[in-house]
file data_33.pdb (PDB, C-alpha atoms)
MODEL        1
ATOM      1  CA  MET A   1     -65.022 -40.277 -30.009
ATOM      2  CA  THR A   2     -62.938 -42.934 -28.300
ATOM      3  CA  TYR A   3     -62.621 -44.767 -25.022
ATOM      4  CA  ASP A   4     -59.981 -42.788 -23.150
ATOM      5  CA  ILE A   5     -59.040 -41.160 -19.862
ATOM      6  CA  ASP A   6     -61.297 -38.149 -19.184
ATOM      7  CA  THR A   7     -60.203 -34.915 -17.493
ATOM      8  CA  ASP A   8     -61.218 -36.314 -14.067
ATOM      9  CA  GLY A   9     -58.983 -39.392 -14.519
ATOM     10  CA  ALA A  10     -61.848 -41.820 -15.182
ATOM     11  CA  ALA A  11     -61.921 -44.046 -18.269
ATOM     12  CA  ARG A  12     -64.994 -43.450 -20.450
ATOM     13  CA  TRP A  13     -66.112 -42.526 -23.948
ATOM     14  CA  VAL A  14     -64.781 -39.018 -24.633
ATOM     15  CA  ASN A  15     -64.466 -36.662 -27.576
ATOM     16  CA  VAL A  16     -61.050 -36.722 -29.215
ATOM     17  CA  THR A  17     -59.203 -33.448 -29.564
ATOM     18  CA  GLY A  18     -58.787 -32.424 -33.180
ATOM     19  CA  THR A  19     -60.849 -32.314 -36.327
ATOM     20  CA  THR A  20     -61.829 -35.152 -38.619
ATOM     21  CA  VAL A  21     -61.480 -34.152 -42.264
ATOM     22  CA  MET A  22     -63.174 -36.260 -44.915
ATOM     23  CA  LYS A  23     -63.131 -35.630 -48.648
ATOM     24  CA  GLY A  24     -63.640 -37.756 -51.680
ATOM     25  CA  LEU A  25     -65.913 -38.962 -54.427
ATOM     26  CA  GLU A  26     -68.860 -41.352 -54.484
ATOM     27  CA  VAL A  27     -70.376 -42.534 -57.751
ATOM     28  CA  GLU A  28     -73.176 -44.996 -58.366
ATOM     29  CA  GLY A  29     -74.724 -46.133 -61.621
ATOM     30  CA  GLY A  30     -76.693 -48.869 -63.220
ATOM     31  CA  TYR A  31     -78.379 -50.058 -66.369
ATOM     32  CA  ASP A  32     -81.342 -52.394 -66.694
ATOM     33  CA  ALA A  33     -82.336 -53.665 -70.132
ATOM     34  CA  GLY A  34     -84.862 -56.180 -68.842
ATOM     35  CA  ARG A  35     -83.008 -59.347 -69.728
ATOM     36  CA  TYR A  36     -79.599 -57.949 -68.688
ATOM     37  CA  TYR A  37     -78.643 -55.605 -65.887
ATOM     38  CA  ALA A  38     -75.497 -54.170 -64.338
ATOM     39  CA  GLY A  39     -74.700 -51.737 -61.574
ATOM     40  CA  PHE A  40     -71.750 -50.341 -59.705
ATOM     41  CA  SER A  41     -70.852 -48.133 -56.770
ATOM     42  CA  LEU A  42     -67.470 -46.567 -56.109
ATOM     43  CA  THR A  43     -66.124 -44.648 -53.127
ATOM     44  CA  LEU A  44     -62.733 -42.934 -53.240
ATOM     45  CA  ALA A  45     -62.131 -41.037 -50.036
ATOM     46  CA  ASP A  46     -59.374 -39.461 -47.999
ATOM     47  CA  THR A  47     -60.033 -39.343 -44.269
ATOM     48  CA  ASP A  48     -57.821 -37.763 -41.626
ATOM     49  CA  GLN A  49     -59.131 -38.801 -38.229
ATOM     50  CA  PRO A  50     -57.431 -38.024 -34.892
ATOM     51  CA  GLU A  51     -57.140 -40.846 -32.363
ATOM     52  CA  GLY A  52     -57.105 -40.719 -28.588
ATOM     53  CA  ALA A  53     -54.110 -41.690 -26.458
ATOM     54  CA  ALA A  54     -55.524 -45.149 -25.687
ATOM     55  CA  ALA A  55     -57.348 -45.774 -28.969
ATOM     56  CA  GLY A  56     -57.790 -49.449 -29.647
ATOM     57  CA  VAL A  57     -57.189 -50.516 -26.054
ATOM     58  CA  GLY A  58     -60.533 -51.846 -24.890
ATOM     59  CA  SER A  59     -62.437 -49.828 -27.473
ATOM     60  CA  ASP A  60     -61.769 -51.629 -30.776
ATOM     61  CA  THR A  61     -61.645 -48.396 -32.720
ATOM     62  CA  GLY A  62     -60.326 -48.457 -36.216
ATOM     63  CA  GLN A  63     -60.572 -46.536 -39.418
ATOM     64  CA  LEU A  64     -62.838 -47.555 -42.227
ATOM     65  CA  PRO A  65     -61.182 -48.077 -45.600
ATOM     66  CA  ASP A  66     -61.103 -45.062 -47.888
ATOM     67  CA  ASP A  67     -61.901 -47.083 -51.008
ATOM     68  CA  PHE A  68     -64.835 -49.343 -51.875
ATOM     69  CA  LEU A  69     -66.019 -50.759 -55.210
ATOM     70  CA  THR A  70     -69.009 -52.996 -55.914
ATOM     71  CA  ILE A  71     -70.003 -54.327 -59.336
ATOM     72  CA  ASP A  72     -73.185 -56.356 -59.812
ATOM     73  CA  ALA A  73     -74.330 -57.907 -63.102
ATOM     74  CA  GLY A  74     -76.814 -60.528 -64.138
ATOM     75  CA  MET A  75     -79.354 -61.922 -66.553
ATOM     76  CA  ARG A  76     -83.047 -62.777 -66.408
ATOM     77  CA  PHE A  77     -84.643 -65.824 -68.015
ATOM     78  CA  LEU A  78     -88.082 -67.445 -68.354
ATOM     79  CA  ASP A  79     -89.983 -64.223 -69.010
ATOM     80  CA  GLU A  80     -87.730 -62.490 -66.463
ATOM     81  CA  THR A  81     -88.937 -64.655 -63.550
ATOM     82  CA  LEU A  82     -85.518 -66.307 -63.054
ATOM     83  CA  THR A  83     -82.604 -63.990 -62.211
ATOM     84  CA  VAL A  84     -78.983 -65.150 -62.076
ATOM     85  CA  GLY A  85     -76.102 -62.820 -61.285
ATOM     86  CA  GLY A  86     -72.808 -62.146 -59.634
ATOM     87  CA  ARG A  87     -71.210 -59.434 -57.570
ATOM     88  CA  MET A  88     -67.640 -58.323 -56.939
ATOM     89  CA  ARG A  89     -66.875 -56.411 -53.711
ATOM     90  CA  TYR A  90     -63.561 -54.632 -53.219
ATOM     91  CA  VAL A  91     -62.716 -53.168 -49.805
ATOM     92  CA  GLY A  92     -59.565 -51.043 -49.600
ATOM     93  CA  LYS A  93     -56.863 -51.200 -46.951
ATOM     94  CA  SER A  94     -57.562 -49.795 -43.507
ATOM     95  CA  SER A  95     -56.008 -49.674 -40.060
ATOM     96  CA  GLN A  96     -56.950 -50.884 -36.602
ATOM     97  CA  ALA A  97     -56.014 -48.555 -33.746
ATOM     98  CA  TYR A  98     -53.632 -49.766 -31.059
ATOM     99  CA  ILE A  99     -52.384 -47.237 -28.478
ATOM    100  CA  ASN A 100     -51.415 -44.648 -31.141
ATOM    101  CA  GLN A 101     -51.317 -44.250 -34.903
ATOM    102  CA  ASP A 102     -47.690 -45.390 -35.133
ATOM    103  CA  MET A 103     -48.584 -48.750 -33.556
ATOM    104  CA  ALA A 104     -51.802 -49.289 -35.551
ATOM    105  CA  PHE A 105     -52.293 -52.598 -37.353
ATOM    106  CA  ASP A 106     -52.602 -52.424 -41.120
ATOM    107  CA  VAL A 107     -55.554 -54.349 -42.523
ATOM    108  CA  ASP A 108     -55.039 -55.494 -46.112
ATOM    109  CA  ALA A 109     -57.480 -54.755 -48.916
ATOM    110  CA  TYR A 110     -59.602 -57.661 -50.110
ATOM    111  CA  THR A 111     -61.869 -58.592 -53.006
ATOM    112  CA  LEU A 112     -64.778 -60.997 -52.659
ATOM    113  CA  PHE A 113     -67.033 -62.580 -55.278
ATOM    114  CA  ASP A 114     -70.663 -63.514 -54.695
ATOM    115  CA  ALA A 115     -73.322 -65.294 -56.768
ATOM    116  CA  HIS A 116     -77.073 -64.981 -56.516
ATOM    117  CA  ALA A 117     -80.206 -66.374 -58.088
ATOM    118  CA  SER A 118     -83.914 -65.892 -57.523
ATOM    119  CA  TRP A 119     -87.123 -67.254 -58.992
ATOM    120  CA  GLN A 120     -90.337 -65.230 -58.881
ATOM    121  CA  ILE A 121     -92.815 -68.135 -58.687
ATOM    122  CA  ASN A 122     -95.837 -65.853 -58.949
ATOM    123  CA  GLU A 123     -96.663 -62.281 -57.946
ATOM    124  CA  ASN A 124     -96.778 -63.299 -54.267
ATOM    125  CA  ALA A 125     -93.955 -65.835 -53.888
ATOM    126  CA  LYS A 126     -90.222 -65.787 -54.526
ATOM    127  CA  VAL A 127     -87.331 -68.113 -53.618
ATOM    128  CA  PHE A 128     -83.671 -67.130 -53.642
ATOM    129  CA  LEU A 129     -80.140 -68.443 -53.171
ATOM    130  CA  ASN A 130     -77.082 -66.298 -52.413
ATOM    131  CA  VAL A 131     -73.528 -67.567 -52.139
ATOM    132  CA  GLU A 132     -71.253 -64.993 -50.527
ATOM    133  CA  ASN A 133     -67.460 -65.282 -50.798
ATOM    134  CA  VAL A 134     -67.743 -67.966 -53.491
ATOM    135  CA  PHE A 135     -64.007 -68.724 -53.476
ATOM    136  CA  ASP A 136     -63.879 -68.983 -49.647
ATOM    137  CA  LYS A 137     -61.210 -66.288 -49.401
ATOM    138  CA  SER A 138     -59.555 -65.858 -45.998
ATOM    139  CA  TYR A 139     -59.408 -62.178 -45.038
ATOM    140  CA  MET A 140     -59.345 -59.756 -42.137
ATOM    141  CA  LYS A 141     -62.592 -57.802 -42.101
ATOM    142  CA  ALA A 142     -62.077 -54.033 -42.061
ATOM    143  CA  ASN A 143     -62.718 -52.308 -38.713
ATOM    144  CA  SER A 144     -63.274 -55.649 -36.984
ATOM    145  CA  GLY A 145     -61.489 -55.220 -33.685
ATOM    146  CA  LEU A 146     -58.106 -55.208 -32.043
ATOM    147  CA  MET A 147     -57.841 -58.715 -30.627
ATOM    148  CA  ASP A 148     -58.362 -60.520 -33.934
ATOM    149  CA  ASN A 149     -55.867 -58.177 -35.606
ATOM    150  CA  TYR A 150     -53.377 -58.616 -32.761
ATOM    151  CA  GLY A 151     -53.726 -62.399 -32.885
ATOM    152  CA  GLY A 152     -53.551 -62.575 -36.682
ATOM    153  CA  VAL A 153     -57.018 -64.143 -36.878
ATOM    154  CA  LYS A 154     -58.613 -63.867 -40.324
ATOM    155  CA  ASN A 155     -62.139 -63.132 -39.129
ATOM    156  CA  GLY A 156     -63.890 -62.440 -42.436
ATOM    157  CA  ARG A 157     -66.858 -64.662 -43.086
ATOM    158  CA  GLY A 158     -66.053 -67.661 -45.276
ATOM    159  CA  ARG A 159     -68.213 -69.077 -48.036
ATOM    160  CA  THR A 160     -71.786 -68.534 -46.915
ATOM    161  CA  PHE A 161     -74.976 -69.979 -48.401
ATOM    162  CA  ILE A 162     -78.219 -68.098 -47.851
ATOM    163  CA  ILE A 163     -81.417 -69.771 -48.987
ATOM    164  CA  GLY A 164     -84.774 -68.176 -48.477
ATOM    165  CA  ALA A 165     -88.268 -67.423 -49.614
ATOM    166  CA  THR A 166     -90.603 -64.486 -49.429
ATOM    167  CA  ALA A 167     -94.363 -64.548 -49.600
ATOM    168  CA  ARG A 168     -96.991 -61.818 -49.597
ATOM    169  CA  PHE A 169    -100.521 -62.458 -48.462
TER     170      PHE A 169
ENDMDL
END

call {"tool": "encode", "arguments": {"input": "data_33.pdb", "output": "structure tokens"}}
result
Amino acid sequence: MTYDIDTDGAARWVNVTGTTVMKGLEVEGGYDAGRYYAGFSLTLADTDQPEGAAAGVGSDTGQLPDDFLTIDAGMRFLDETLTVGGRMRYVGKSSQAYINQDMAFDVDAYTLFDAHASWQINENAKVFLNVENVFDKSYMKANSGLMDNYGGVKNGRGRTFIIGATARF
């Protein structure tokens, strides 16, 4: 589906002629030994997606990356009430539509590193801290829109601190 000129000459969301073909492999796994844990997810795909004549003009259509990899690992301390870990996120290259596939903008692959910690105070209360994009990497977020791509704006979120608490009662 894309924003395009319909058969009556009006611009609106329309189905694109052609067939989208997707194939690939997704694998996920993990291991938890109590004090140590690790997990991963991997997507390797090949997507062939038709685009409309005006794709990317006013519609911000793009193609998601074919490849993703996430690895998460950490340790638990103090009778497993304190958890400290890290995560690596890889997002493969993608493209942002602009008029036709030949004029599409390439979006580079990127790898981000995150850190996280949490403390289970008791069975009803927990506090946590997440730091996303620890190294404050500048990147273009996949499938993020034409105008930022066109203007060369690196619109990926910078280093982000998330502090919070949860309580059950």

call {"tool": "resolve_selection", "arguments": {"input": "data_33.pdb", "expression": "the PyMOL selection byres ((chain A and resi 30) around 10)", "output": "list in words"}}
result
Glu28, Gly29, Tyr31, Asp32, Tyr37, Ala38, Gly39, Phe40, Ser41, Ile71, Asp72 and Ala73 of chain A

call {"tool": "write_last_selection", "arguments": {"input": "data_33.pdb", "atoms": "C-alpha atoms", "output": "JSON list (two decimals), keeping the file's coordinate frame"}}
result
[["chain", "number", "residue", "atom", "x", "y", "z"],
["A", 28, "GLU", "CA", -73.18, -45.00, -58.37],
["A", 29, "GLY", "CA", -74.72, -46.13, -61.62],
["A", 31, "TYR", "CA", -78.38, -50.06, -66.37],
["A", 32, "ASP", "CA", -81.34, -52.39, -66.69],
["A", 37, "TYR", "CA", -78.64, -55.60, -65.89],
["A", 38, "ALA", "CA", -75.50, -54.17, -64.34],
["A", 39, "GLY", "CA", -74.70, -51.74, -61.57],
["A", 40, "PHE", "CA", -71.75, -50.34, -59.70],
["A", 41, "SER", "CA", -70.85, -48.13, -56.77],
["A", 71, "ILE", "CA", -70.00, -54.33, -59.34],
["A", 72, "ASP", "CA", -73.18, -56.36, -59.81],
["A", 73, "ALA", "CA", -74.33, -57.91, -63.10]]

call {"tool": "residues_around", "arguments": {"input": "data_33.pdb", "residues": "Asp79 in chain A", "least_positions_apart": "5", "cutoff": "12 Å", "atoms": "only C-alpha atoms", "output": "PyMOL selection string"}}
result
chain A and resi 34-35+119-122

call {"tool": "atom_distance", "arguments": {"input": "data_33.pdb", "atom1": "CA of Ser95 in chain A", "atom2": "CA of Glu26 in chain A"}}
result
21.0 Å

call {"tool": "resolve_selection", "arguments": {"input": "data_33.pdb", "expression": "the PyMOL selection byres ((chain A and resi 127-134) around 12)", "output": "JSON, numbers by chain"}}
result
{"A": [81, 82, 83, 84, 85, 86, 87, 88, 89, 90, 110, 111, 112, 113, 114, 115, 116, 117, 118, 119, 120, 121, 122, 123, 124, 125, 126, 135, 136, 137, 138, 139, 156, 157, 158, 159, 160, 161, 162, 163, 164, 165, 166, 167]}

call {"tool": "write_last_selection", "arguments": {"input": "data_33.pdb", "atoms": "C-alpha atoms", "output": "JSON list (two decimals), in the coordinates of the input"}}
result
[["chain", "number", "residue", "atom", "x", "y", "z"],
["A", 81, "THR", "CA", -88.94, -64.66, -63.55],
["A", 82, "LEU", "CA", -85.52, -66.31, -63.05],
["A", 83, "THR", "CA", -82.60, -63.99, -62.21],
["A", 84, "VAL", "CA", -78.98, -65.15, -62.08],
["A", 85, "GLY", "CA", -76.10, -62.82, -61.28],
["A", 86, "GLY", "CA", -72.81, -62.15, -59.63],
["A", 87, "ARG", "CA", -71.21, -59.43, -57.57],
["A", 88, "MET", "CA", -67.64, -58.32, -56.94],
["A", 89, "ARG", "CA", -66.88, -56.41, -53.71],
["A", 90, "TYR", "CA", -63.56, -54.63, -53.22],
["A", 110, "TYR", "CA", -59.60, -57.66, -50.11],
["A", 111, "THR", "CA", -61.87, -58.59, -53.01],
["A", 112, "LEU", "CA", -64.78, -61.00, -52.66],
["A", 113, "PHE", "CA", -67.03, -62.58, -55.28],
["A", 114, "ASP", "CA", -70.66, -63.51, -54.70],
["A", 115, "ALA", "CA", -73.32, -65.29, -56.77],
["A", 116, "HIS", "CA", -77.07, -64.98, -56.52],
["A", 117, "ALA", "CA", -80.21, -66.37, -58.09],
["A", 118, "SER", "CA", -83.91, -65.89, -57.52],
["A", 119, "TRP", "CA", -87.12, -67.25, -58.99],
["A", 120, "GLN", "CA", -90.34, -65.23, -58.88],
["A", 121, "ILE", "CA", -92.82, -68.14, -58.69],
["A", 122, "ASN", "CA", -95.84, -65.85, -58.95],
["A", 123, "GLU", "CA", -96.66, -62.28, -57.95],
["A", 124, "ASN", "CA", -96.78, -63.30, -54.27],
["A", 125, "ALA", "CA", -93.96, -65.83, -53.89],
["A", 126, "LYS", "CA", -90.22, -65.79, -54.53],
["A", 135, "PHE", "CA", -64.01, -68.72, -53.48],
["A", 136, "ASP", "CA", -63.88, -68.98, -49.65],
["A", 137, "LYS", "CA", -61.21, -66.29, -49.40],
["A", 138, "SER", "CA", -59.56, -65.86, -46.00],
["A", 139, "TYR", "CA", -59.41, -62.18, -45.04],
["A", 156, "GLY", "CA", -63.89, -62.44, -42.44],
["A", 157, "ARG", "CA", -66.86, -64.66, -43.09],
["A", 158, "GLY", "CA", -66.05, -67.66, -45.28],
["A", 159, "ARG", "CA", -68.21, -69.08, -48.04],
["A", 160, "THR", "CA", -71.79, -68.53, -46.92],
["A", 161, "PHE", "CA", -74.98, -69.98, -48.40],
["A", 162, "ILE", "CA", -78.22, -68.10, -47.85],
["A", 163, "ILE", "CA", -81.42, -69.77, -48.99],
["A", 164, "GLY", "CA", -84.77, -68.18, -48.48],
["A", 165, "ALA", "CA", -88.27, -67.42, -49.61],
["A", 166, "THR", "CA", -90.60, -64.49, -49.43],
["A", 167, "ALA", "CA", -94.36, -64.55, -49.60]]

call {"tool": "resolve_selection", "arguments": {"input": "data_33.pdb", "expression": "the PyMOL selection byres ((chain A and resi 48) around 12)", "output": "PDB file with C-alpha atoms, keeping the file's coordinate frame"}}
result
ATOM      1  CA  GLY A  18     -58.787 -32.424 -33.180  1.00  0.00           C
ATOM      2  CA  THR A  19     -60.849 -32.314 -36.327  1.00  0.00           C
ATOM      3  CA  THR A  20     -61.829 -35.152 -38.619  1.00  0.00           C
ATOM      4  CA  VAL A  21     -61.480 -34.152 -42.264  1.00  0.00           C
ATOM      5  CA  MET A  22     -63.174 -36.260 -44.915  1.00  0.00           C
ATOM      6  CA  LYS A  23     -63.131 -35.630 -48.648  1.00  0.00           C
ATOM      7  CA  GLY A  24     -63.640 -37.756 -51.680  1.00  0.00           C
ATOM      8  CA  ALA A  45     -62.131 -41.037 -50.036  1.00  0.00           C
ATOM      9  CA  ASP A  46     -59.374 -39.461 -47.999  1.00  0.00           C
ATOM     10  CA  THR A  47     -60.033 -39.343 -44.269  1.00  0.00           C
ATOM     11  CA  GLN A  49     -59.131 -38.801 -38.229  1.00  0.00           C
ATOM     12  CA  PRO A  50     -57.431 -38.024 -34.892  1.00  0.00           C
ATOM     13  CA  GLU A  51     -57.140 -40.846 -32.363  1.00  0.00           C
ATOM     14  CA  GLN A  63     -60.572 -46.536 -39.418  1.00  0.00           C
ATOM     15  CA  LEU A  64     -62.838 -47.555 -42.227  1.00  0.00           C
ATOM     16  CA  PRO A  65     -61.182 -48.077 -45.600  1.00  0.00           C
ATOM     17  CA  ASP A  66     -61.103 -45.062 -47.888  1.00  0.00           C
ATOM     18  CA  GLN A 101     -51.317 -44.250 -34.903  1.00  0.00           C
TER      19      GLN A 101
END

call {"tool": "atom_distance", "arguments": {"input": "data_33.pdb", "atom1": "CA of Gly152 in chain A", "atom2": "CA of Thr43 in chain A"}}
result
27.4 Å

call {"tool": "atom_distance", "arguments": {"input": "data_33.pdb", "atom1": "CA of Leu78 in chain A", "atom2": "CA of Phe169 in chain A"}}
result
24.0 Å

call {"tool": "residues_around", "arguments": {"input": "data_33.pdb", "residues": "Phe105 in chain A", "least_positions_apart": "2", "cutoff": "7 Å", "atoms": "only C-alpha atoms", "output": "ChimeraX atom specification"}}
result
/A:95-97,103,107,149

call {"tool": "write_last_selection", "arguments": {"input": "data_33.pdb", "atoms": "C-alpha atoms", "output": "PDB file, keeping the file's coordinate frame"}}
result
ATOM      1  CA  SER A  95     -56.008 -49.674 -40.060  1.00  0.00           C
ATOM      2  CA  GLN A  96     -56.950 -50.884 -36.602  1.00  0.00           C
ATOM      3  CA  ALA A  97     -56.014 -48.555 -33.746  1.00  0.00           C
ATOM      4  CA  MET A 103     -48.584 -48.750 -33.556  1.00  0.00           C
ATOM      5  CA  VAL A 107     -55.554 -54.349 -42.523  1.00  0.00           C
ATOM      6  CA  ASN A 149     -55.867 -58.177 -35.606  1.00  0.00           C
TER       7      ASN A 149
END

call {"tool": "axis_aligned_box", "arguments": {"input": "data_33.pdb", "around": "range 149-167 of chain A", "padding_each_side": "5 Å", "output": "lines of an AutoDock Vina configuration file"}}
result
center_x = -73.9
center_y = -64.1
center_z = -41.2
size_x = 51.0
size_y = 21.8
size_z = 26.9

call {"tool": "decode", "arguments": {"input": "data_33.pdb", "residues": "range 24-120 of chain A", "atoms": "C-alpha atoms", "output": "PDB file, in the first residue's frame"}}
result
ATOM      1  CA  GLY A  24      14.283 -15.637   5.421  1.00  0.00           C
ATOM      2  CA  LEU A  25      15.215 -17.029   8.792  1.00  0.00           C
ATOM      3  CA  GLU A  26      14.425 -15.953  12.343  1.00  0.00           C
ATOM      4  CA  VAL A  27      16.161 -17.539  15.316  1.00  0.00           C
ATOM      5  CA  GLU A  28      15.865 -16.742  18.997  1.00  0.00           C
ATOM      6  CA  GLY A  29      17.554 -18.360  21.966  1.00  0.00           C
ATOM      7  CA  GLY A  30      18.542 -17.826  25.523  1.00  0.00           C
ATOM      8  CA  TYR A  31      20.098 -19.367  28.586  1.00  0.00           C
ATOM      9  CA  ASP A  32      19.455 -18.506  32.218  1.00  0.00           C
ATOM     10  CA  ALA A  33      21.664 -20.028  34.905  1.00  0.00           C
ATOM     11  CA  GLY A  34      20.287 -17.895  37.720  1.00  0.00           C
ATOM     12  CA  ARG A  35      23.338 -15.767  38.360  1.00  0.00           C
ATOM     13  CA  TYR A  36      24.169 -15.381  34.643  1.00  0.00           C
ATOM     14  CA  TYR A  37      21.916 -15.065  31.630  1.00  0.00           C
ATOM     15  CA  ALA A  38      22.228 -14.433  27.908  1.00  0.00           C
ATOM     16  CA  GLY A  39      19.864 -14.239  24.981  1.00  0.00           C
ATOM     17  CA  PHE A  40      19.859 -13.412  21.312  1.00  0.00           C
ATOM     18  CA  SER A  41      17.536 -12.921  18.369  1.00  0.00           C
ATOM     19  CA  LEU A  42      18.534 -12.911  14.717  1.00  0.00           C
ATOM     20  CA  THR A  43      16.576 -12.083  11.575  1.00  0.00           C
ATOM     21  CA  LEU A  44      18.035 -12.682   8.116  1.00  0.00           C
ATOM     22  CA  ALA A  45      15.479 -11.854   5.469  1.00  0.00           C
ATOM     23  CA  ASP A  46      15.167 -11.090   1.789  1.00  0.00           C
ATOM     24  CA  THR A  47      12.220  -8.890   0.874  1.00  0.00           C
ATOM     25  CA  ASP A  48      11.164  -7.852  -2.617  1.00  0.00           C
ATOM     26  CA  GLN A  49       8.517  -5.165  -2.289  1.00  0.00           C
ATOM     27  CA  PRO A  50       7.016  -3.199  -5.206  1.00  0.00           C
ATOM     28  CA  GLU A  51       6.678   0.566  -4.805  1.00  0.00           C
ATOM     29  CA  GLY A  52       4.125   2.935  -6.266  1.00  0.00           C
ATOM     30  CA  ALA A  53       4.955   5.668  -8.775  1.00  0.00           C
ATOM     31  CA  ALA A  54       5.002   8.389  -6.101  1.00  0.00           C
ATOM     32  CA  ALA A  55       6.327   6.321  -3.193  1.00  0.00           C
ATOM     33  CA  GLY A  56       8.033   8.465  -0.614  1.00  0.00           C
ATOM     34  CA  VAL A  57       6.447  11.709  -1.787  1.00  0.00           C
ATOM     35  CA  GLY A  58       4.156  12.721   1.047  1.00  0.00           C
ATOM     36  CA  SER A  59       3.868   9.165   2.324  1.00  0.00           C
ATOM     37  CA  ASP A  60       7.234   8.472   3.993  1.00  0.00           C
ATOM     38  CA  THR A  61       7.267   4.876   2.843  1.00  0.00           C
ATOM     39  CA  GLY A  62      10.442   2.928   3.143  1.00  0.00           C
ATOM     40  CA  GLN A  63      11.632  -0.607   3.441  1.00  0.00           C
ATOM     41  CA  LEU A  64      12.532  -2.174   6.727  1.00  0.00           C
ATOM     42  CA  PRO A  65      16.024  -3.634   6.979  1.00  0.00           C
ATOM     43  CA  ASP A  66      16.350  -7.303   6.104  1.00  0.00           C
ATOM     44  CA  ASP A  67      18.780  -8.029   8.938  1.00  0.00           C
ATOM     45  CA  PHE A  68      18.485  -7.571  12.702  1.00  0.00           C
ATOM     46  CA  LEU A  69      20.569  -8.961  15.575  1.00  0.00           C
ATOM     47  CA  THR A  70      20.121  -8.426  19.311  1.00  0.00           C
ATOM     48  CA  ILE A  71      22.345  -9.893  22.025  1.00  0.00           C
ATOM     49  CA  ASP A  72      21.540  -9.403  25.710  1.00  0.00           C
ATOM     50  CA  ALA A  73      23.675 -10.655  28.611  1.00  0.00           C
ATOM     51  CA  GLY A  74      23.920  -9.948  32.292  1.00  0.00           C
ATOM     52  CA  MET A  75      24.544 -11.045  35.847  1.00  0.00           C
ATOM     53  CA  ARG A  76      22.520 -11.115  39.056  1.00  0.00           C
ATOM     54  CA  PHE A  77      23.872 -10.279  42.503  1.00  0.00           C
ATOM     55  CA  LEU A  78      22.648 -10.052  46.112  1.00  0.00           C
ATOM     56  CA  ASP A  79      20.574 -13.233  46.034  1.00  0.00           C
ATOM     57  CA  GLU A  80      19.546 -12.359  42.464  1.00  0.00           C
ATOM     58  CA  THR A  81      17.752  -9.144  43.502  1.00  0.00           C
ATOM     59  CA  LEU A  82      20.218  -6.888  41.634  1.00  0.00           C
ATOM     60  CA  THR A  83      20.494  -7.407  37.862  1.00  0.00           C
ATOM     61  CA  VAL A  84      23.122  -5.701  35.704  1.00  0.00           C
ATOM     62  CA  GLY A  85      23.406  -6.270  31.969  1.00  0.00           C
ATOM     63  CA  GLY A  86      24.058  -4.985  28.512  1.00  0.00           C
ATOM     64  CA  ARG A  87      22.540  -5.278  25.080  1.00  0.00           C
ATOM     65  CA  MET A  88      23.863  -4.916  21.544  1.00  0.00           C
ATOM     66  CA  ARG A  89      21.385  -4.047  18.757  1.00  0.00           C
ATOM     67  CA  TYR A  90      22.365  -4.318  15.102  1.00  0.00           C
ATOM     68  CA  VAL A  91      19.999  -2.984  12.432  1.00  0.00           C
ATOM     69  CA  GLY A  92      20.926  -3.728   8.815  1.00  0.00           C
ATOM     70  CA  LYS A  93      20.891  -1.314   5.897  1.00  0.00           C
ATOM     71  CA  SER A  94      17.574  -0.248   4.416  1.00  0.00           C
ATOM     72  CA  SER A  95      16.182   2.238   1.927  1.00  0.00           C
ATOM     73  CA  GLN A  96      13.793   5.168   2.047  1.00  0.00           C
ATOM     74  CA  ALA A  97      11.496   5.527  -0.961  1.00  0.00           C
ATOM     75  CA  TYR A  98      11.675   8.666  -3.078  1.00  0.00           C
ATOM     76  CA  ILE A  99       9.673   8.767  -6.333  1.00  0.00           C
ATOM     77  CA  ASN A 100      10.975   5.354  -7.512  1.00  0.00           C
ATOM     78  CA  GLN A 101      13.384   2.638  -6.442  1.00  0.00           C
ATOM     79  CA  ASP A 102      16.250   4.094  -8.483  1.00  0.00           C
ATOM     80  CA  MET A 103      16.039   7.378  -6.548  1.00  0.00           C
ATOM     81  CA  ALA A 104      15.608   5.787  -3.097  1.00  0.00           C
ATOM     82  CA  PHE A 105      17.882   6.923  -0.273  1.00  0.00           C
ATOM     83  CA  ASP A 106      20.136   4.280   1.229  1.00  0.00           C
ATOM     84  CA  VAL A 107      20.048   4.141   5.018  1.00  0.00           C
ATOM     85  CA  ASP A 108      23.239   2.752   6.550  1.00  0.00           C
ATOM     86  CA  ALA A 109      23.298  -0.132   9.010  1.00  0.00           C
ATOM     87  CA  TYR A 110      23.991   0.758  12.629  1.00  0.00           C
ATOM     88  CA  THR A 111      24.911  -0.931  15.899  1.00  0.00           C
ATOM     89  CA  LEU A 112      23.882   0.427  19.285  1.00  0.00           C
ATOM     90  CA  PHE A 113      24.895  -0.603  22.801  1.00  0.00           C
ATOM     91  CA  ASP A 114      22.652  -0.318  25.846  1.00  0.00           C
ATOM     92  CA  ALA A 115      23.132  -0.936  29.577  1.00  0.00           C
ATOM     93  CA  HIS A 116      20.517  -1.801  32.155  1.00  0.00           C
ATOM     94  CA  ALA A 117      20.210  -2.475  35.853  1.00  0.00           C
ATOM     95  CA  SER A 118      17.343  -3.250  38.193  1.00  0.00           C
ATOM     96  CA  TRP A 119      16.908  -3.898  41.895  1.00  0.00           C
ATOM     97  CA  GLN A 120      14.008  -5.987  43.186  1.00  0.00           C
TER      98      GLN A 120
END
